[in-house]
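For reference, structure-v7.txt (compact mmCIF, C-alpha atoms):
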```
# COMPACT_ATOMS: atom_id res chain seq x y z
CA MET A 1 -114.68 -145.47 35.49
CA ASN A 2 -114.52 -146.49 31.85
CA THR A 3 -112.48 -149.70 31.97
CA ARG A 4 -110.95 -148.85 28.60
CA GLU A 5 -109.22 -145.99 30.46
CA ASN A 6 -108.43 -147.92 33.63
CA PRO A 7 -104.93 -146.97 34.80
CA THR A 8 -104.11 -150.64 35.50
CA ASN A 9 -104.18 -151.21 31.72
CA ASP A 10 -101.72 -148.38 30.98
CA PRO A 11 -99.10 -149.82 28.56
CA SER A 12 -96.38 -147.68 30.14
CA LEU A 13 -96.63 -149.56 33.47
CA GLU A 14 -93.70 -151.78 34.40
CA SER A 15 -93.22 -154.20 37.27
CA TRP A 16 -90.26 -154.75 39.55
CA VAL A 17 -90.83 -158.48 38.90
CA GLU A 18 -88.29 -158.90 36.12
CA SER A 19 -90.00 -161.80 34.35
CA ALA A 20 -93.15 -159.69 33.94
CA ARG A 21 -91.43 -157.18 31.67
CA GLY A 22 -92.39 -158.07 28.13
CA HIS A 23 -94.05 -161.28 29.30
CA GLY A 24 -96.39 -162.51 26.55
CA ASP A 25 -99.13 -163.67 28.87
CA PHE A 26 -98.78 -162.19 32.36
CA PRO A 27 -97.42 -158.63 32.34
CA ILE A 28 -98.55 -156.20 35.01
CA GLN A 29 -101.44 -155.11 32.75
CA ASN A 30 -103.08 -158.55 33.06
CA LEU A 31 -103.03 -159.82 36.69
CA PRO A 32 -105.37 -162.82 36.28
CA PHE A 33 -106.67 -164.61 39.37
CA GLY A 34 -106.23 -168.29 40.19
CA VAL A 35 -105.86 -170.81 43.01
CA PHE A 36 -102.69 -172.74 43.76
CA THR A 37 -100.81 -174.83 46.27
CA ARG A 38 -97.07 -174.90 46.72
CA ARG A 39 -95.45 -178.18 45.74
CA THR A 40 -94.62 -179.13 49.34
CA ASP A 41 -96.53 -181.37 51.71
CA GLY A 42 -99.08 -179.75 53.95
CA GLU A 43 -99.41 -176.44 52.07
CA LEU A 44 -102.97 -175.14 51.91
CA ALA A 45 -104.47 -173.69 48.75
CA CYS A 46 -104.63 -169.92 48.35
CA VAL A 47 -105.82 -167.33 45.87
CA GLY A 48 -103.12 -165.72 43.78
CA VAL A 49 -102.37 -163.54 40.80
CA ALA A 50 -100.06 -164.42 37.91
CA ILE A 51 -97.23 -161.95 37.32
CA GLY A 52 -94.60 -162.91 34.76
CA ASP A 53 -93.22 -166.36 35.58
CA SER A 54 -94.32 -166.02 39.21
CA ALA A 55 -97.51 -166.04 41.24
CA LEU A 56 -98.34 -163.65 44.05
CA ASP A 57 -99.96 -165.24 47.10
CA LEU A 58 -102.75 -162.79 47.99
CA SER A 59 -103.39 -164.48 51.33
CA ALA A 60 -99.82 -163.71 52.43
CA CYS A 61 -100.31 -160.12 51.24
CA TRP A 62 -103.54 -159.85 53.24
CA GLU A 63 -101.82 -161.20 56.36
CA ALA A 64 -99.21 -158.45 55.94
CA GLY A 65 -101.96 -155.80 55.90
CA LEU A 66 -101.48 -154.90 52.24
CA PHE A 67 -105.22 -154.81 51.50
CA ALA A 68 -106.09 -152.26 54.17
CA GLY A 69 -108.61 -149.76 52.84
CA THR A 70 -110.10 -152.17 50.29
CA PRO A 71 -113.49 -153.95 50.52
CA VAL A 72 -111.74 -157.17 51.63
CA GLU A 73 -109.63 -155.69 54.44
CA HIS A 74 -111.61 -157.33 57.26
CA VAL A 75 -111.85 -160.90 55.92
CA ASN A 76 -109.07 -162.93 54.30
CA VAL A 77 -111.04 -164.19 51.31
CA PHE A 78 -107.75 -165.34 49.76
CA ALA A 79 -107.04 -168.18 52.21
CA ARG A 80 -109.39 -170.38 50.23
CA ASP A 81 -109.34 -173.29 47.79
CA SER A 82 -111.52 -171.41 45.26
CA LEU A 83 -112.11 -167.85 44.10
CA ASN A 84 -115.77 -167.95 45.08
CA ASP A 85 -115.57 -166.04 48.39
CA PHE A 86 -113.48 -163.30 46.79
CA VAL A 87 -115.73 -163.10 43.73
CA GLU A 88 -118.84 -162.93 45.93
CA ALA A 89 -117.47 -159.68 47.36
CA GLY A 90 -118.55 -158.06 44.07
CA PRO A 91 -117.20 -155.92 41.23
CA GLU A 92 -116.04 -153.10 43.50
CA ALA A 93 -113.84 -155.57 45.39
CA TRP A 94 -112.53 -157.17 42.16
CA SER A 95 -111.44 -153.81 40.83
CA ALA A 96 -110.04 -152.57 44.15
CA VAL A 97 -107.96 -155.71 44.71
CA ARG A 98 -106.66 -155.74 41.15
CA GLY A 99 -105.82 -152.05 41.51
CA ARG A 100 -103.98 -152.62 44.81
CA VAL A 101 -102.02 -155.56 43.33
CA SER A 102 -101.07 -153.43 40.34
CA GLU A 103 -99.85 -150.72 42.68
CA LEU A 104 -97.83 -153.16 44.80
CA LEU A 105 -96.10 -154.65 41.75
CA ARG A 106 -95.14 -151.40 40.00
CA THR A 107 -91.51 -150.40 39.75
CA ASP A 108 -92.20 -147.13 41.58
CA THR A 109 -93.79 -148.83 44.63
CA SER A 110 -91.39 -150.14 47.27
CA THR A 111 -93.90 -151.47 49.83
CA LEU A 112 -93.69 -155.12 48.79
CA ARG A 113 -90.54 -154.95 46.71
CA ASP A 114 -88.36 -153.85 49.63
CA ASP A 115 -89.97 -155.94 52.36
CA ALA A 116 -87.91 -159.11 51.91
CA ALA A 117 -89.80 -161.14 54.51
CA VAL A 118 -93.23 -160.60 52.94
CA ARG A 119 -91.94 -160.60 49.35
CA ASP A 120 -90.11 -163.91 49.71
CA THR A 121 -93.18 -165.50 51.30
CA ALA A 122 -95.75 -164.12 48.86
CA LEU A 123 -93.95 -164.30 45.52
CA VAL A 124 -93.35 -167.84 44.26
CA GLU A 125 -92.17 -169.19 40.92
CA GLN A 126 -94.97 -170.78 38.91
CA GLY A 127 -92.80 -173.87 38.45
CA LYS A 128 -93.04 -174.44 42.20
CA ILE A 129 -96.84 -174.37 42.45
CA ALA A 130 -99.69 -176.63 41.41
CA MET A 131 -102.71 -174.89 39.92
CA GLN A 132 -106.19 -175.84 41.09
CA LEU A 133 -109.62 -175.47 39.54
CA PRO A 134 -110.18 -171.70 39.96
CA MET A 135 -113.85 -171.70 40.91
CA ARG A 136 -116.24 -173.96 42.77
CA ILE A 137 -118.55 -174.56 39.81
CA GLY A 138 -122.20 -175.21 40.59
CA ASP A 139 -123.57 -175.27 37.05
CA TYR A 140 -122.09 -175.41 33.57
CA THR A 141 -123.74 -174.38 30.30
CA ASP A 142 -122.21 -174.78 26.86
CA PHE A 143 -123.34 -172.70 23.90
CA TYR A 144 -123.00 -173.13 20.13
CA ALA A 145 -122.13 -169.55 19.33
CA SER A 146 -119.97 -169.81 16.18
CA ALA A 147 -121.99 -169.66 12.97
CA TYR A 148 -118.92 -170.88 11.08
CA HIS A 149 -118.75 -174.01 13.23
CA ALA A 150 -122.51 -174.58 13.10
CA THR A 151 -122.51 -174.14 9.30
CA ASN A 152 -119.67 -176.61 8.82
CA VAL A 153 -121.35 -179.21 11.03
CA GLY A 154 -124.65 -178.63 9.22
CA LYS A 155 -123.02 -179.18 5.83
CA MET A 156 -121.52 -182.46 7.03
CA PHE A 157 -124.67 -183.93 8.51
CA ARG A 158 -127.34 -182.24 6.35
CA PRO A 159 -125.62 -181.95 2.94
CA ASP A 160 -128.91 -181.65 1.07
CA GLY A 161 -130.52 -179.15 3.42
CA GLU A 162 -129.98 -175.78 5.02
CA PRO A 163 -126.79 -175.98 7.17
CA LEU A 164 -128.13 -173.79 9.97
CA LEU A 165 -131.28 -174.82 11.78
CA PRO A 166 -134.13 -172.26 11.69
CA ASN A 167 -133.56 -170.97 15.23
CA TYR A 168 -129.78 -170.46 14.98
CA LYS A 169 -129.66 -166.73 14.13
CA HIS A 170 -132.56 -165.87 16.43
CA LEU A 171 -131.13 -167.09 19.75
CA PRO A 172 -127.89 -168.42 21.28
CA VAL A 173 -128.35 -172.20 21.29
CA GLY A 174 -126.94 -174.03 24.32
CA TYR A 175 -127.21 -177.09 26.53
CA HIS A 176 -126.57 -177.83 30.19
CA GLY A 177 -123.25 -179.62 30.71
CA ARG A 178 -121.76 -181.51 33.64
CA ALA A 179 -120.01 -179.36 36.27
CA SER A 180 -118.65 -182.33 38.25
CA SER A 181 -116.32 -183.45 35.44
CA ILE A 182 -114.68 -180.07 34.80
CA VAL A 183 -110.95 -180.35 35.44
CA VAL A 184 -108.08 -177.89 35.50
CA SER A 185 -105.43 -177.76 32.79
CA GLY A 186 -102.84 -180.51 33.12
CA GLU A 187 -105.15 -183.23 34.39
CA GLU A 188 -105.30 -186.39 32.28
CA VAL A 189 -108.48 -187.18 30.35
CA ARG A 190 -109.51 -190.81 30.11
CA ARG A 191 -110.97 -191.97 26.80
CA PRO A 192 -114.64 -192.65 27.55
CA MET A 193 -116.54 -195.87 27.11
CA GLY A 194 -119.96 -195.61 25.54
CA GLN A 195 -122.70 -196.98 23.37
CA THR A 196 -122.25 -196.42 19.65
CA LYS A 197 -123.91 -197.67 16.49
CA ALA A 198 -122.33 -198.12 13.08
CA ASP A 199 -124.55 -197.81 10.03
CA ASP A 200 -126.56 -200.98 9.37
CA ALA A 201 -125.33 -202.60 12.59
CA ALA A 202 -126.61 -203.19 16.10
CA PRO A 203 -125.47 -200.91 18.94
CA THR A 204 -122.29 -201.89 20.79
CA PHE A 205 -120.56 -200.75 23.97
CA GLY A 206 -116.84 -200.02 24.05
CA PRO A 207 -114.13 -197.35 23.92
CA CYS A 208 -114.89 -194.16 22.01
CA ARG A 209 -113.23 -194.35 18.60
CA LEU A 210 -113.82 -190.76 17.47
CA LEU A 211 -112.48 -188.67 20.35
CA ASP A 212 -112.27 -184.95 19.61
CA TYR A 213 -111.47 -181.64 21.27
CA GLU A 214 -113.37 -178.37 20.96
CA LEU A 215 -111.57 -175.04 21.30
CA GLU A 216 -113.78 -172.72 23.34
CA MET A 217 -113.73 -169.73 25.64
CA GLY A 218 -115.60 -169.74 28.92
CA PHE A 219 -116.71 -167.08 31.38
CA PHE A 220 -117.46 -167.26 35.09
CA ILE A 221 -120.49 -165.63 36.67
CA GLY A 222 -119.50 -163.26 39.45
CA VAL A 223 -122.80 -161.60 40.39
CA GLU A 224 -125.98 -163.61 40.86
CA ASN A 225 -129.46 -162.81 39.64
CA SER A 226 -132.39 -163.95 41.73
CA LEU A 227 -134.77 -166.64 40.50
CA GLY A 228 -137.31 -165.03 38.18
CA ALA A 229 -135.14 -161.99 37.41
CA ARG A 230 -133.67 -161.40 33.97
CA VAL A 231 -130.25 -159.90 33.19
CA SER A 232 -130.14 -157.51 30.24
CA VAL A 233 -127.40 -157.47 27.62
CA GLU A 234 -126.33 -154.05 28.88
CA ALA A 235 -126.04 -155.27 32.48
CA ALA A 236 -124.46 -158.63 31.71
CA LYS A 237 -120.84 -157.46 31.92
CA LYS A 238 -121.39 -156.47 35.55
CA HIS A 239 -122.34 -160.10 36.24
CA ILE A 240 -119.24 -161.64 34.58
CA PHE A 241 -116.02 -162.00 36.58
CA GLY A 242 -113.63 -163.17 33.88
CA MET A 243 -112.72 -165.61 31.14
CA VAL A 244 -110.76 -168.84 30.63
CA ILE A 245 -109.89 -171.20 27.78
CA VAL A 246 -112.12 -174.27 27.62
CA ASN A 247 -111.55 -177.64 25.95
CA ASP A 248 -114.92 -179.34 25.56
CA TRP A 249 -113.73 -182.92 24.96
CA SER A 250 -116.23 -184.70 22.71
CA ALA A 251 -116.92 -188.34 21.85
CA ARG A 252 -118.24 -187.97 18.32
CA ASP A 253 -119.36 -191.57 17.78
CA ILE A 254 -121.23 -191.65 21.09
CA GLN A 255 -122.73 -188.24 20.26
CA LYS A 256 -123.96 -189.33 16.83
CA TRP A 257 -125.99 -192.21 18.28
CA GLU A 258 -127.39 -190.49 21.40
CA TYR A 259 -128.08 -186.88 20.45
CA VAL A 260 -131.54 -187.34 18.89
CA PRO A 261 -133.88 -186.17 20.32
CA LEU A 262 -132.41 -184.39 23.37
CA GLY A 263 -128.86 -183.47 22.36
CA PRO A 264 -125.44 -184.02 24.02
CA PHE A 265 -125.26 -186.26 27.07
CA ASN A 266 -122.58 -188.94 27.63
CA ALA A 267 -120.63 -187.68 24.63
CA LYS A 268 -119.79 -184.55 26.60
CA ASN A 269 -120.05 -185.38 30.31
CA PHE A 270 -116.78 -187.28 30.83
CA ALA A 271 -114.40 -184.27 30.90
CA THR A 272 -114.09 -180.55 30.22
CA SER A 273 -110.72 -178.83 30.76
CA VAL A 274 -110.24 -175.18 31.70
CA SER A 275 -107.18 -172.97 31.92
CA PRO A 276 -106.27 -172.10 35.54
CA TRP A 277 -105.89 -168.29 35.41
CA VAL A 278 -109.09 -166.23 35.12
CA VAL A 279 -108.53 -163.07 33.07
CA THR A 280 -110.91 -160.34 34.24
CA LEU A 281 -113.09 -158.29 31.91
CA GLU A 282 -111.27 -155.27 33.31
CA ALA A 283 -107.99 -156.59 31.88
CA LEU A 284 -109.73 -157.48 28.60
CA ALA A 285 -111.30 -154.03 28.16
CA PRO A 286 -108.57 -152.69 25.79
CA PHE A 287 -109.34 -155.59 23.44
CA GLN A 288 -113.07 -155.08 23.26
CA VAL A 289 -114.15 -154.57 19.63
CA LYS A 290 -117.28 -154.07 17.57
CA HIS A 291 -119.44 -157.13 17.07
CA THR A 292 -119.55 -157.43 13.28
CA THR A 293 -120.56 -161.02 12.49
CA ARG A 294 -124.29 -160.33 12.13
CA GLY A 295 -125.02 -159.44 8.51
CA ALA A 296 -127.56 -157.11 6.96
CA ASP A 297 -129.52 -160.08 5.64
CA ASP A 298 -129.71 -161.82 9.02
CA PRO A 299 -133.04 -161.72 10.88
CA PRO A 300 -133.53 -158.77 13.25
CA LEU A 301 -132.77 -159.36 16.90
CA LEU A 302 -135.54 -159.45 19.44
CA GLU A 303 -135.31 -156.52 21.83
CA TYR A 304 -133.83 -158.46 24.77
CA LEU A 305 -130.78 -159.49 22.68
CA LYS A 306 -129.95 -155.99 21.41
CA GLY A 307 -127.18 -153.79 22.81
CA ALA A 308 -124.15 -156.01 22.22
CA ASP A 309 -122.65 -154.00 19.35
CA GLU A 310 -119.42 -153.31 21.28
CA ASP A 311 -119.22 -156.58 23.21
CA ALA A 312 -116.92 -158.74 21.09
CA TYR A 313 -113.37 -159.51 22.26
CA ASP A 314 -110.37 -159.87 19.98
CA ILE A 315 -108.86 -162.98 21.58
CA GLN A 316 -106.44 -164.92 19.39
CA LEU A 317 -106.48 -168.68 19.90
CA GLU A 318 -104.45 -171.66 18.75
CA VAL A 319 -104.49 -175.42 19.20
CA GLY A 320 -101.46 -177.71 19.18
CA ILE A 321 -101.23 -181.50 19.27
CA ALA A 322 -98.23 -183.38 20.66
CA SER A 323 -98.40 -187.16 20.24
CA ALA A 324 -96.62 -189.48 22.66
CA GLN A 325 -94.01 -190.08 19.96
CA MET A 326 -93.50 -186.34 19.49
CA ARG A 327 -92.98 -185.80 23.21
CA THR A 328 -90.51 -188.69 23.36
CA VAL A 329 -88.27 -187.06 20.74
CA GLY A 330 -88.79 -183.56 22.12
CA THR A 331 -90.90 -182.17 19.27
CA ALA A 332 -93.01 -179.13 20.17
CA PRO A 333 -96.80 -179.35 19.81
CA HIS A 334 -97.86 -179.11 16.17
CA ILE A 335 -100.21 -176.16 15.63
CA VAL A 336 -103.28 -177.44 13.82
CA SER A 337 -105.52 -174.37 13.93
CA ARG A 338 -105.60 -170.66 14.76
CA GLY A 339 -108.72 -168.60 15.21
CA SER A 340 -110.22 -165.51 16.86
CA PHE A 341 -112.97 -165.15 19.39
CA ARG A 342 -114.13 -162.02 17.58
CA ASP A 343 -115.57 -164.33 14.88
CA MET A 344 -118.33 -165.61 17.18
CA PHE A 345 -121.89 -164.95 16.05
CA TRP A 346 -123.15 -164.41 19.61
CA THR A 347 -121.39 -162.42 22.35
CA ILE A 348 -120.89 -163.44 25.97
CA THR A 349 -123.35 -160.73 27.05
CA GLN A 350 -126.02 -162.11 24.70
CA MET A 351 -125.37 -165.62 26.02
CA ALA A 352 -125.81 -164.45 29.62
CA ALA A 353 -128.92 -162.43 28.77
CA HIS A 354 -130.53 -165.32 26.89
CA HIS A 355 -129.67 -167.77 29.67
CA THR A 356 -131.55 -165.62 32.19
CA SER A 357 -134.36 -164.59 29.83
CA THR A 358 -136.67 -167.21 31.38
CA GLY A 359 -135.78 -166.08 34.88
CA CYS A 360 -133.11 -168.73 35.35
CA ASN A 361 -130.89 -167.75 38.27
CA LEU A 362 -127.15 -167.82 37.57
CA ARG A 363 -124.93 -168.21 40.64
CA VAL A 364 -121.40 -167.18 41.53
CA GLY A 365 -119.01 -169.71 40.02
CA ASP A 366 -121.30 -170.87 37.23
CA LEU A 367 -119.35 -171.48 34.03
CA LEU A 368 -120.76 -170.59 30.63
CA ALA A 369 -118.79 -171.66 27.56
CA SER A 370 -119.00 -170.39 24.01
CA GLY A 371 -119.03 -173.56 21.97
CA THR A 372 -116.37 -174.29 19.37
CA VAL A 373 -114.50 -171.20 18.17
CA SER A 374 -114.19 -171.46 14.39
CA GLY A 375 -113.54 -168.86 11.72
CA PRO A 376 -114.07 -168.41 7.98
CA GLU A 377 -110.77 -170.00 6.95
CA GLU A 378 -110.12 -173.75 7.00
CA SER A 379 -107.12 -173.10 9.24
CA ALA A 380 -109.43 -171.53 11.85
CA ARG A 381 -111.62 -174.58 12.41
CA GLY A 382 -111.72 -175.33 16.13
CA CYS A 383 -112.09 -179.13 16.28
CA LEU A 384 -110.94 -182.23 14.41
CA LEU A 385 -114.46 -182.95 13.20
CA GLU A 386 -114.19 -179.80 11.10
CA LEU A 387 -110.44 -179.86 10.38
CA THR A 388 -110.50 -183.40 8.99
CA TRP A 389 -114.06 -183.10 7.68
CA ARG A 390 -115.35 -186.16 9.57
CA GLY A 391 -112.06 -187.96 9.06
CA THR A 392 -111.93 -187.73 5.27
CA ASN A 393 -108.94 -185.35 5.28
CA PRO A 394 -106.48 -186.46 8.02
CA ILE A 395 -103.85 -184.10 9.39
CA THR A 396 -100.20 -185.14 9.41
CA LEU A 397 -97.99 -184.55 12.44
CA PRO A 398 -94.24 -183.80 12.20
CA THR A 399 -93.55 -187.47 13.04
CA ARG A 400 -95.62 -188.45 9.96
CA GLU A 401 -98.37 -189.81 12.17
CA GLU A 402 -101.85 -189.15 10.82
CA ARG A 403 -104.82 -188.03 12.86
CA LYS A 404 -108.48 -188.17 11.94
CA PHE A 405 -109.40 -188.03 15.61
CA LEU A 406 -107.37 -188.21 18.83
CA ALA A 407 -105.20 -191.19 19.75
CA ASP A 408 -104.27 -192.36 23.23
CA GLY A 409 -101.22 -190.43 24.43
CA ASP A 410 -102.06 -187.29 22.44
CA GLU A 411 -101.66 -184.05 24.36
CA LEU A 412 -103.82 -181.06 23.44
CA VAL A 413 -102.37 -177.62 24.11
CA MET A 414 -104.63 -174.58 23.71
CA ARG A 415 -103.37 -171.03 24.06
CA GLY A 416 -105.05 -167.62 23.93
CA TRP A 417 -103.85 -164.04 23.93
CA CYS A 418 -104.84 -160.46 23.06
CA GLU A 419 -102.74 -157.83 21.33
CA ARG A 420 -103.30 -154.58 19.49
CA ALA A 421 -101.45 -151.35 18.79
CA GLY A 422 -101.39 -149.06 21.81
CA ALA A 423 -102.00 -151.82 24.35
CA THR A 424 -99.81 -154.36 26.11
CA ARG A 425 -100.26 -157.95 25.00
CA ILE A 426 -101.88 -160.18 27.63
CA GLY A 427 -102.62 -163.88 27.60
CA PHE A 428 -104.55 -166.72 29.21
CA GLY A 429 -101.69 -169.18 29.57
CA GLU A 430 -102.39 -172.74 28.48
CA CYS A 431 -105.14 -175.32 28.67
CA ARG A 432 -103.53 -178.77 28.45
CA GLY A 433 -104.74 -182.35 28.65
CA ILE A 434 -103.34 -185.78 27.74
CA VAL A 435 -105.62 -188.57 26.51
CA THR A 436 -105.21 -191.84 28.45
CA PRO A 437 -106.65 -195.22 27.41
CA ALA A 438 -110.18 -196.30 28.26
CA GLU A 439 -110.63 -198.62 31.23
```
What is this file in structure tokens?
Amino acid sequence: MNTRENPTNDPSLESWVESARGHGDFPIQNLPFGVFTRRTDGELACVGVAIGDSALDLSACWEAGLFAGTPVEHVNVFARDSLNDFVEAGPEAWSAVRGRVSELLRTDTSTLRDDAAVRDTALVEQGKIAMQLPMRIGDYTDFYASAYHATNVGKMFRPDGEPLLPNYKHLPVGYHGRASSIVVSGEEVRRPMGQTKADDAAPTFGPCRLLDYELEMGFFIGVENSLGARVSVEAAKKHIFGMVIVNDWSARDIQKWEYVPLGPFNAKNFATSVSPWVVTLEALAPFQVKHTTRGADDPPLLEYLKGADEDAYDIQLEVGIASAQMRTVGTAPHIVSRGSFRDMFWTITQMAAHHTSTGCNLRVGDLLASGTVSGPEESARGCLLELTWRGTNPITLPTREERKFLADGDELVMRGWCERAGATRIGFGECRGIVTPAE
């Protein structure tokens, strides 16, 4: 079935869950997957789906026999503390489960709506749950897929040379990150300690002084490739389960001193935050657009990177900062940038294809992130390094506080959503994190 015509994405669908009607992020057309616990002692984690201001416990639905006739009917893959067992069931199961959930939540289906015992057990307000890291992540790779971001960084650090390095438009540049320090939205992020070196001074060890965020999108691998096997651009979507917002926290002063000759290490390994609800590619299908960032004058693609002409996604993104002072007086996060994922130079399918081009085996739960999402306008720059141009142009918060880089107590709030005429708006929720002092 062409996922652009999938009936679960029909904008005329409505849910009997009242808060889902007109919900900006989680209407019935979205149905992202996540893992949560109820905020009571002794409750085990389970797999669920976001619907409006509530979450549907899929384990409770399975126990009630509501997944009979689907590929998961014989094993409760939802009574788990990660999505991995469900995702390992494969694309047919993903689609079948999402389709069954859509059916159960529609206004014209009474099965769950009118069964008070099951409904009251399975449907829980999101304010009464605690979200967990959605996947058990074995490996994490971060790319550098925005030419706008790479050009800005190149201009800062190589003002007399070519901003983009010679390989940039030939292949998606990336590095292997640290899976063990990935945390779910809402967890605090401690300012890292590290070795830095000021110009004309000896190296010192102490708290990072130039702490930054990076607005990114990430995608989880759902179908493995065996060691030695490559995944083509055309096949890559079948290997991707879904997408999340990613904040790649970055210690710029530590990075500056350590990155030659092997690239990011301690400047990146202390924390990466992800949003808790995984939006499937099936839900994102109506927002798939032509990939238009490669220009006529750019070098031709090698054959293994061709075929991604329709693989961009129009995901709108924004970043807000709320200082401790702002939160004390009740001031909403100050929006510092807005951008679009459609501005990326490389697509997620090209990233996956390039990652496996050597025969590298990707596994279920692996997270691949895009790198900083930046656009052509100054307002679309996806990190403080770019927004303040290395600190030379500070931003001013509503409380008249200035920021060149992040201060202790600052909370970062990232949001993402998709909307277009003829489709229902869907969103990713939030990716939050508060900076705490170094120890």
Extract, using all atoms listed in the file, all DNA, RNA and protein residues at most 7 Å from segment 245-262 of chain A, discarding same-chain residues fewer than 4 positions from it, and format them as a ChimeraX atom specification. /A:194-197,208-218,267-268,271-275,431
Considering all atoms listed in the file, return as a count of residues only whatever protein or nucleic-acid residues lie within 12 Å of Pro7 of chain A, sequence-local ones (same chain, fewer than 4 positions apart) excluded. 21
Just want the 12 Å neighbourhood of Ser232 of chain A, counted on all atoms listed in the file, with same-chain residues fewer than 6 positions away dropped. Output as a list in words. Asn225, Lys238, His239, Glu303, Tyr304, Leu305, Lys306, Gly307, Ala308, Ile348, Thr349, Gln350, Met351, Ala352, Ala353, His354, His355, Thr356, Ser357, Thr358 and Gly359 of chain A
Name the residues, using the chain letters and numbers of the file, that sit within 8 Å of (-127.7, -176.0, 28.9) when counting only C-alpha atoms, and give them as a PyMOL selection string. chain A and resi 140-143+174-177
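In this structure, atom CA of Pro159 of chain A sits 20.8 Å away from atom CA of Ala145 of chain A.
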Just how far from atom CA of Glu125 of chain A is atom CA of Ala55 of chain A, in Å to one decimal? 6.2 Å
Exercise: Leu83 of chain A partners within 10 Å, all atoms listed in the file, chain neighbours under 3 positions left out, as a JSON list (two decimals) with C-alpha atoms, in the frame of the given file:
```json
[["chain", "number", "residue", "atom", "x", "y", "z"],
["A", 33, "PHE", "CA", -106.67, -164.61, 39.37],
["A", 34, "GLY", "CA", -106.23, -168.29, 40.19],
["A", 35, "VAL", "CA", -105.86, -170.81, 43.01],
["A", 46, "CYS", "CA", -104.63, -169.92, 48.35],
["A", 47, "VAL", "CA", -105.82, -167.33, 45.87],
["A", 48, "GLY", "CA", -103.12, -165.72, 43.78],
["A", 77, "VAL", "CA", -111.04, -164.19, 51.31],
["A", 78, "PHE", "CA", -107.75, -165.34, 49.76],
["A", 79, "ALA", "CA", -107.04, -168.18, 52.21],
["A", 80, "ARG", "CA", -109.39, -170.38, 50.23],
["A", 86, "PHE", "CA", -113.48, -163.30, 46.79],
["A", 87, "VAL", "CA", -115.73, -163.10, 43.73],
["A", 88, "GLU", "CA", -118.84, -162.93, 45.93],
["A", 133, "LEU", "CA", -109.62, -175.47, 39.54],
["A", 134, "PRO", "CA", -110.18, -171.70, 39.96],
["A", 135, "MET", "CA", -113.85, -171.70, 40.91],
["A", 136, "ARG", "CA", -116.24, -173.96, 42.77],
["A", 222, "GLY", "CA", -119.50, -163.26, 39.45],
["A", 278, "VAL", "CA", -109.09, -166.23, 35.12],
["A", 364, "VAL", "CA", -121.40, -167.18, 41.53],
["A", 365, "GLY", "CA", -119.01, -169.71, 40.02]]
```
For Gly320 of chain A, list every protein, DNA or RNA residue within 6 Å, evaluated using all atoms listed in the file, and leave out those in the same chain fewer than 5 positions away; present the list as a ChimeraX atom specification. /A:333-336,412-413
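For the choices A:Ala45, A:Ala202, A:Leu31, A:Ala68, the atom-to-atom distance to Asp81 of chain A is smallest for A:Ala45 when using only C-alpha atoms.
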Students should find that atom CA of Val435 of chain A and atom CA of Ala201 of chain A are spaced 27.9 Å
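Distance annotation: of A:Ser82, A:Asn361, A:Ser323, A:Thr293, the residue with the minimal separation from Arg230 of chain A is A:Asn361; atom set is only C-alpha atoms.
Distances to Leu317 of chain A were evaluated for A:Phe265, A:Phe287, A:Phe219, A:Trp417 using all atoms listed in the file, and the minimum falls at A:Trp417.
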Closest contacts (segment 336-365 of chain A/segment 377-386 of chain A, max 6 Å, all atoms listed in the file) as a Markdown table:
```
| residue | atom | partner | partner_atom | distance |
| --- | --- | --- | --- | --- |
| A:Ser337 | CA | A:Ser379 | CA | 5.1 |
| A:Arg338 | CA | A:Ala380 | CA | 4.9 |
| A:Gly339 | CA | A:Ala380 | CA | 4.5 |
```
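Proximity to Gly186 of chain A was assessed for A:Ala64, A:Met131, A:Ala150, A:Val173 counting only C-alpha atoms; the smallest distance is recorded for A:Met131.
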